[in-house]
Amino acid sequence: MTKPIYANEQHKQTIESFLSVCDGFAQDIGTKSKYQSYQEVLKVIIDYHNNYGAGAKENNYWDWLMIIPINVSVMTQGFFAGIESRQKAGTIRAYRLVLQEVLEDTVNKIEKLDPIKDE
């Protein structure tokens, strides 16, 4: 998997923790081929994050910080919707609630980041 570019160590820890939760959900509840598809879309999001700012009108630092949590949470919710079945409904419902809490925690941590990059 492509590694995200991080603003600093705190950003790295926050994003890696968030991605770990999302990845764990997808891996736990999806088939091998569905999980592989999830990983492919995740790569697109990370590539977008890593290349953000290359365009003339793309240069908002705070927007860049939020690309991964917002897009990955939406992708994961879509993944849940696509694989939901009667057998998986309870688990998916629980994962949705946890995902929302983890997203809120991640966003709160990102909002508190110092905008200075670690060297």
# chains A, B, ... in the order shown; residues from 1 in each chain; ligands from 1

$ closest_atom_pairs --of "range 41-104 of chain A" --to "range 20-36 of chain A" --cutoff "10 Å" --atoms "only C-alpha atoms" --output "CSV"
residue,atom,partner,partner_atom,distance
A:Val41,CA,A:Gln36,CA,8.9
A:Leu42,CA,A:Asp23,CA,9.4
A:Pro69,CA,A:Cys22,CA,9.8
A:Val72,CA,A:Cys22,CA,7.8
A:Ser73,CA,A:Cys22,CA,7.6
A:Met75,CA,A:Cys22,CA,9.6
A:Thr76,CA,A:Cys22,CA,6.8
A:Gln77,CA,A:Cys22,CA,9.7
A:Phe79,CA,A:Ala26,CA,7.6
A:Phe80,CA,A:Ala26,CA,8.0
A:Gly82,CA,A:Lys34,CA,9.4
A:Ile83,CA,A:Gly30,CA,7.1
A:Glu84,CA,A:Ile29,CA,9.2
A:Lys88,CA,A:Ile29,CA,7.6
A:Thr91,CA,A:Ile29,CA,8.2
A:Ile92,CA,A:Ile29,CA,8.0
A:Tyr95,CA,A:Phe25,CA,7.0
A:Arg96,CA,A:Phe25,CA,9.5
A:Val98,CA,A:Val21,CA,9.1
A:Leu99,CA,A:Cys22,CA,7.3
A:Val102,CA,A:Val21,CA,8.1
A:Leu103,CA,A:Cys22,CA,9.8

$ write_last_selection --atoms "C-alpha atoms" --output "PDB file, in the first residue's frame"
ATOM      1  CA  VAL A  41      -9.871   2.481  -3.474  1.00  0.00           C
ATOM      2  CA  LEU A  42      -7.852   3.301  -0.343  1.00  0.00           C
ATOM      3  CA  PRO A  69     -10.273  10.728   7.478  1.00  0.00           C
ATOM      4  CA  VAL A  72     -11.831   6.869   4.054  1.00  0.00           C
ATOM      5  CA  SER A  73     -14.799   7.051   6.430  1.00  0.00           C
ATOM      6  CA  MET A  75     -15.518   4.818   1.553  1.00  0.00           C
ATOM      7  CA  THR A  76     -15.812   2.480   4.545  1.00  0.00           C
ATOM      8  CA  GLN A  77     -19.492   3.335   5.016  1.00  0.00           C
ATOM      9  CA  PHE A  79     -18.164  -0.681   1.726  1.00  0.00           C
ATOM     10  CA  PHE A  80     -20.485  -1.606   4.597  1.00  0.00           C
ATOM     11  CA  GLY A  82     -22.263  -2.896  -0.379  1.00  0.00           C
ATOM     12  CA  ILE A  83     -21.673  -6.030   1.653  1.00  0.00           C
ATOM     13  CA  GLU A  84     -24.505  -5.802   4.174  1.00  0.00           C
ATOM     14  CA  LYS A  88     -23.742  -9.268   8.831  1.00  0.00           C
ATOM     15  CA  THR A  91     -21.851  -6.422  13.058  1.00  0.00           C
ATOM     16  CA  ILE A  92     -22.044  -3.717  10.405  1.00  0.00           C
ATOM     17  CA  TYR A  95     -18.930  -1.041  13.126  1.00  0.00           C
ATOM     18  CA  ARG A  96     -20.784   2.022  11.798  1.00  0.00           C
ATOM     19  CA  VAL A  98     -17.577   2.771  16.196  1.00  0.00           C
ATOM     20  CA  LEU A  99     -16.409   4.269  12.899  1.00  0.00           C
ATOM     21  CA  VAL A 102     -13.286   7.061  15.700  1.00  0.00           C
ATOM     22  CA  LEU A 103     -13.786   9.637  12.938  1.00  0.00           C
TER      23      LEU A 103
END

$ atom_distance --atom1 "CA of Ala54 in chain A" --atom2 "CA of Ile110 in chain A"
21.8 Å

$ closest_residue --among "A:Ser17, A:His11, A:Ala81, A:Pro4" --to "Asp47 in chain A" --atoms "only C-alpha atoms"
A:Pro4

$ closest_residue --among "A:Asp114, A:Lys43, A:Ile5, A:Glu104" --to "Trp64 in chain A" --atoms "only C-alpha atoms"
A:Ile5

$ closest_residue --among "A:Gln100, A:Leu65, A:Val44, A:Gly90" --to "Ala7 in chain A" --atoms "only C-alpha atoms"
A:Leu65

$ select_by_dssp --residues "chain A" --states "helix (DSSP H, G or I)" --output "ChimeraX atom specification"
/A:9-29,32-51,61-83,89-111
